[in-house]
Every structure is written in C-alpha cells, then in structure tokens.
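To start, the structure under review is shown below, and the notes come after it.
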Amino acid sequence: EDGKPRTTRCPENPLCSPEDREGYPPKRGDGSYVIGESTVKIFVEGGTNVTRIVTPTVREVARAHYGCDQIEGAELEQNSEGIRSHWKQQKLISELMVEQQWPGMESVLSLFTLALLQDSGWYFANFSMAGDMKWGREEGCSFAMGDCTGVSQNCPVGQGRTACTYDRSG
C-alpha cells in the first residue's frame, strides 16, 4: 500500500531475537516466519482453525468471487506442520498457485493471486489478464467458509464421477 513491508522486519519488530536476520521478519521456533495479522489471520470456522490471506484486495476478490460478504480472505492449505504457501485446493482447485495440479486440468492465474501480488506492494497487477476461475463462483458462504468436499453445487457429479472439472463441464 505504502511501499513498506506488511510485516515489521528485524530489528524493529519486538519479536526479533539475536538469531534473526536484519531486514527479515522474525522466525518462530520451528523456523517459519512470523507474519503480520494485516496479511494472514487464523480463524475458527466450524470448529477448525482456518488460515486466510486477509489483505484488502484479496478480501475484496474473495467476497466477490464466492458471493459472500462475511468472508475475510482467501484460505491457505494447512497441515500438521502449520501454514503452507499455497491456496486451499478445495476452494480454488484450478488456480495456478494451489499445491498440486490435476492432470488435464487447465490452471489459471486468477484474480486471487493477482490481488495478493498487488497487495504485496511490489507489483501493479493488470487484473484484466486474470484467468476465468469458475470453481466456487457465486457458491456463497457455505462453500467459501464451510468444510466443503471440493464439489461445487453447480457441478454435475454422479454417473461414476466423484469429482468434476474446474469448469464444471463434467
């Protein structure tokens, strides 16, 4: 927004230890960086901890995409080791920045990733270049914030299929 890092860097951050490098965020005991809450927040949704990117443009894109004014941002993958650096696959299945691409699926650089790049302060995103992300579009808060199985309501599942394509074509 103003060219400054979203997370205070060392040595100005009070969480810095002598082992932390100057100009970088402080590290936790497990070696992961401490990320400011203006960028990433953990929410309890349905009794589960959910990690979301909550930057202003990502929040705006998530609300518009899902048709959910209550959502605070876009969900990240998480495992027992903590936060991962990918969008949640069940929520953004055809996005280029999910953890694993499905064979034969066309991946797109969506508004979500362009919004994150824009909010980083390092890039001016050309949002007209975003790929068409159909998965989850206008599915509402139950899809965006619920424990979805990865199947969009508008996707034809059945007849031997257990999932559907990113574009809901079958």
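So you can find residues: chains in the structure tokens are A, B, ... in the order shown, residues in each start at 1, and ligands are numbered from 1 in order.
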Practice problem: Give me the residues within 6 Å of segment 53-64 of chain A as a list in words, counting only C-alpha atoms and dropping any in the same chain fewer than 6 places off. | Solution: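 Near neighbours after the sequence-gap exclusion: Thr39, Val40, Glu72, Gly73, Ala74, Phe112, Ala115 and Leu116 of chain A.
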Quiz item: Glu19 of chain A: which residues within 12 Å, counting only C-alpha atoms, same-chain residues fewer than 4 positions away excluded, as a list in words?
Solution: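 The residues that qualify are Cys10, Pro11, Leu15, Tyr24, Pro25, Pro26, Lys27, Arg28, Gly29 and Gly31 of chain A.
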Emit the selected residues as an mmCIF file, in the first residue's frame, including N, CA and C atoms.
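New file part01.cif:
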data_model
loop_
_atom_site.group_PDB
_atom_site.id
_atom_site.type_symbol
_atom_site.label_atom_id
_atom_site.label_comp_id
_atom_site.auth_asym_id
_atom_site.auth_seq_id
_atom_site.Cartn_x
_atom_site.Cartn_y
_atom_site.Cartn_z
ATOM 1 N N CYS A 10 13.043 -7.165 11.237
ATOM 2 C CA CYS A 10 14.045 -7.026 12.296
ATOM 3 C C CYS A 10 15.041 -5.940 11.883
ATOM 4 N N PRO A 11 15.517 -5.164 12.780
ATOM 5 C CA PRO A 11 15.434 -5.286 14.225
ATOM 6 C C PRO A 11 14.258 -4.545 14.862
ATOM 7 N N LEU A 15 9.510 -8.971 18.363
ATOM 8 C CA LEU A 15 9.646 -10.426 18.464
ATOM 9 C C LEU A 15 11.000 -10.925 17.974
ATOM 10 N N TYR A 24 14.534 -8.984 7.697
ATOM 11 C CA TYR A 24 13.600 -10.099 7.546
ATOM 12 C C TYR A 24 12.645 -10.117 8.728
ATOM 13 N N PRO A 25 11.459 -10.734 8.562
ATOM 14 C CA PRO A 25 10.582 -10.894 9.720
ATOM 15 C C PRO A 25 11.229 -11.836 10.723
ATOM 16 N N PRO A 26 10.834 -11.759 11.989
ATOM 17 C CA PRO A 26 11.354 -12.713 12.966
ATOM 18 C C PRO A 26 10.868 -14.121 12.654
ATOM 19 N N LYS A 27 11.616 -15.114 13.159
ATOM 20 C CA LYS A 27 11.239 -16.514 12.963
ATOM 21 C C LYS A 27 10.701 -17.104 14.261
ATOM 22 N N ARG A 28 9.777 -18.059 14.077
ATOM 23 C CA ARG A 28 9.273 -18.839 15.206
ATOM 24 C C ARG A 28 10.299 -19.926 15.532
ATOM 25 N N GLY A 29 10.066 -20.650 16.605
ATOM 26 C CA GLY A 29 10.941 -21.745 16.999
ATOM 27 C C GLY A 29 11.055 -22.831 15.952
ATOM 28 N N GLY A 31 11.175 -22.331 12.790
ATOM 29 C CA GLY A 31 11.866 -21.818 11.612
ATOM 30 C C GLY A 31 10.985 -21.045 10.648
#
Practice problem: May I ask which of the residues A:Ser110, A:His86, A:Ile42, A:Leu92 is the closest one to Ser128 of chain A, counting only C-alpha atoms? | Solution: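 Of the candidates, the smallest distance to Ser128 of chain A is held by A:Ser110.
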Self-check item: strand (DSSP E) positions in chain A, given as number ranges by chain
Solution: A: 40-45, 48-53, 74-79, 82-87
Writer output for current selection, C-alpha atoms, as a PDB file, in the first residue's frame:
ATOM      1  CA  VAL A  40      -2.527 -13.610   7.429  1.00  0.00           C
ATOM      2  CA  LYS A  41      -5.014 -14.480  10.163  1.00  0.00           C
ATOM      3  CA  ILE A  42      -6.193 -17.724  11.683  1.00  0.00           C
ATOM      4  CA  PHE A  43      -9.955 -18.080  12.148  1.00  0.00           C
ATOM      5  CA  VAL A  44     -12.021 -20.796  13.805  1.00  0.00           C
ATOM      6  CA  GLU A  45     -14.637 -21.953  11.311  1.00  0.00           C
ATOM      7  CA  THR A  48     -11.397 -25.932  12.802  1.00  0.00           C
ATOM      8  CA  ASN A  49      -8.538 -23.462  12.501  1.00  0.00           C
ATOM      9  CA  VAL A  50      -8.511 -21.901   9.035  1.00  0.00           C
ATOM     10  CA  THR A  51      -5.652 -19.721   7.789  1.00  0.00           C
ATOM     11  CA  ARG A  52      -6.564 -16.925   5.388  1.00  0.00           C
ATOM     12  CA  ILE A  53      -4.747 -14.214   3.459  1.00  0.00           C
ATOM     13  CA  ALA A  74      -8.757 -16.493   0.804  1.00  0.00           C
ATOM     14  CA  GLU A  75      -7.909 -19.770   2.503  1.00  0.00           C
ATOM     15  CA  LEU A  76      -4.439 -21.329   2.540  1.00  0.00           C
ATOM     16  CA  GLU A  77      -3.540 -25.008   2.728  1.00  0.00           C
ATOM     17  CA  GLN A  78      -2.632 -26.181   6.181  1.00  0.00           C
ATOM     18  CA  ASN A  79      -1.198 -29.367   7.612  1.00  0.00           C
ATOM     19  CA  GLY A  82       1.425 -25.347  10.032  1.00  0.00           C
ATOM     20  CA  ILE A  83       0.675 -22.961   7.214  1.00  0.00           C
ATOM     21  CA  ARG A  84       1.644 -23.836   3.688  1.00  0.00           C
ATOM     22  CA  SER A  85       2.355 -21.402   0.909  1.00  0.00           C
ATOM     23  CA  HIS A  86      -0.464 -22.422  -1.437  1.00  0.00           C
ATOM     24  CA  TRP A  87      -4.113 -21.528  -1.883  1.00  0.00           C
TER      25      TRP A  87
END
Quiz prompt | All alpha helix (DSSP H) residues (DSSP, backbone) inside chain A, as a ChimeraX atom specification | solution = /A:56-66,111-119,141-145
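Residues in contact range of Val108 of chain A, defined as at most 12 Å between only C-alpha atoms, with sequence neighbours fewer than 6 positions away removed, read Leu92, Ile93, Ser94, Glu95, Leu96, Met97, Val98, Gln101, Leu114, Met129, Ala130, Gly131, Asp132, Met133, Lys134, Trp135, Tyr166 and Asp167 of chain A.
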May I have the residues from that selection written out with N, CA and C atoms, as a PDB file, in the first residue's frame?
ATOM      1  N   LEU A  92     -10.032 -23.405  -4.441  1.00  0.00           N
ATOM      2  CA  LEU A  92      -9.540 -22.740  -5.660  1.00  0.00           C
ATOM      3  C   LEU A  92      -8.861 -23.763  -6.563  1.00  0.00           C
ATOM      4  N   ILE A  93      -9.560 -24.812  -6.883  1.00  0.00           N
ATOM      5  CA  ILE A  93      -8.989 -26.008  -7.497  1.00  0.00           C
ATOM      6  C   ILE A  93      -8.202 -25.756  -8.783  1.00  0.00           C
ATOM      7  N   SER A  94      -8.612 -24.829  -9.606  1.00  0.00           N
ATOM      8  CA  SER A  94      -7.914 -24.635 -10.884  1.00  0.00           C
ATOM      9  C   SER A  94      -6.937 -23.463 -10.858  1.00  0.00           C
ATOM     10  N   GLU A  95      -6.700 -22.882  -9.703  1.00  0.00           N
ATOM     11  CA  GLU A  95      -5.759 -21.779  -9.585  1.00  0.00           C
ATOM     12  C   GLU A  95      -4.339 -22.301  -9.755  1.00  0.00           C
ATOM     13  N   LEU A  96      -3.520 -21.539 -10.415  1.00  0.00           N
ATOM     14  CA  LEU A  96      -2.142 -21.912 -10.654  1.00  0.00           C
ATOM     15  C   LEU A  96      -1.366 -22.123  -9.353  1.00  0.00           C
ATOM     16  N   MET A  97      -1.714 -21.392  -8.309  1.00  0.00           N
ATOM     17  CA  MET A  97      -0.953 -21.420  -7.063  1.00  0.00           C
ATOM     18  C   MET A  97      -1.535 -22.366  -5.999  1.00  0.00           C
ATOM     19  N   VAL A  98      -2.240 -23.412  -6.429  1.00  0.00           N
ATOM     20  CA  VAL A  98      -2.607 -24.470  -5.483  1.00  0.00           C
ATOM     21  C   VAL A  98      -1.442 -25.448  -5.417  1.00  0.00           C
ATOM     22  N   GLN A 101      -1.436 -29.658  -9.193  1.00  0.00           N
ATOM     23  CA  GLN A 101      -2.281 -29.525 -10.371  1.00  0.00           C
ATOM     24  C   GLN A 101      -2.827 -30.892 -10.762  1.00  0.00           C
ATOM     25  N   LEU A 114      -3.369 -12.449  -8.387  1.00  0.00           N
ATOM     26  CA  LEU A 114      -3.059 -11.070  -8.793  1.00  0.00           C
ATOM     27  C   LEU A 114      -3.331 -10.092  -7.655  1.00  0.00           C
ATOM     28  N   MET A 129      -5.914  -9.426 -17.017  1.00  0.00           N
ATOM     29  CA  MET A 129      -5.195 -10.603 -17.502  1.00  0.00           C
ATOM     30  C   MET A 129      -5.502 -11.863 -16.694  1.00  0.00           C
ATOM     31  N   ALA A 130      -6.348 -11.758 -15.682  1.00  0.00           N
ATOM     32  CA  ALA A 130      -6.683 -12.921 -14.844  1.00  0.00           C
ATOM     33  C   ALA A 130      -7.427 -13.965 -15.660  1.00  0.00           C
ATOM     34  N   GLY A 131      -7.119 -15.229 -15.359  1.00  0.00           N
ATOM     35  CA  GLY A 131      -7.851 -16.328 -15.980  1.00  0.00           C
ATOM     36  C   GLY A 131      -9.243 -16.443 -15.385  1.00  0.00           C
ATOM     37  N   ASP A 132     -10.119 -17.092 -16.103  1.00  0.00           N
ATOM     38  CA  ASP A 132     -11.508 -17.248 -15.674  1.00  0.00           C
ATOM     39  C   ASP A 132     -11.609 -18.384 -14.650  1.00  0.00           C
ATOM     40  N   MET A 133     -11.843 -18.051 -13.403  1.00  0.00           N
ATOM     41  CA  MET A 133     -11.942 -19.022 -12.322  1.00  0.00           C
ATOM     42  C   MET A 133     -13.412 -19.330 -12.065  1.00  0.00           C
ATOM     43  N   LYS A 134     -13.856 -20.471 -12.550  1.00  0.00           N
ATOM     44  CA  LYS A 134     -15.269 -20.830 -12.401  1.00  0.00           C
ATOM     45  C   LYS A 134     -15.547 -21.551 -11.088  1.00  0.00           C
ATOM     46  N   TRP A 135     -14.564 -22.291 -10.595  1.00  0.00           N
ATOM     47  CA  TRP A 135     -14.758 -23.107  -9.403  1.00  0.00           C
ATOM     48  C   TRP A 135     -15.150 -22.238  -8.203  1.00  0.00           C
ATOM     49  N   TYR A 166     -12.664 -28.325 -13.468  1.00  0.00           N
ATOM     50  CA  TYR A 166     -12.600 -26.960 -12.962  1.00  0.00           C
ATOM     51  C   TYR A 166     -13.673 -26.070 -13.564  1.00  0.00           C
ATOM     52  N   ASP A 167     -14.100 -26.376 -14.780  1.00  0.00           N
ATOM     53  CA  ASP A 167     -15.075 -25.527 -15.458  1.00  0.00           C
ATOM     54  C   ASP A 167     -16.505 -26.072 -15.355  1.00  0.00           C
TER      55      ASP A 167
END
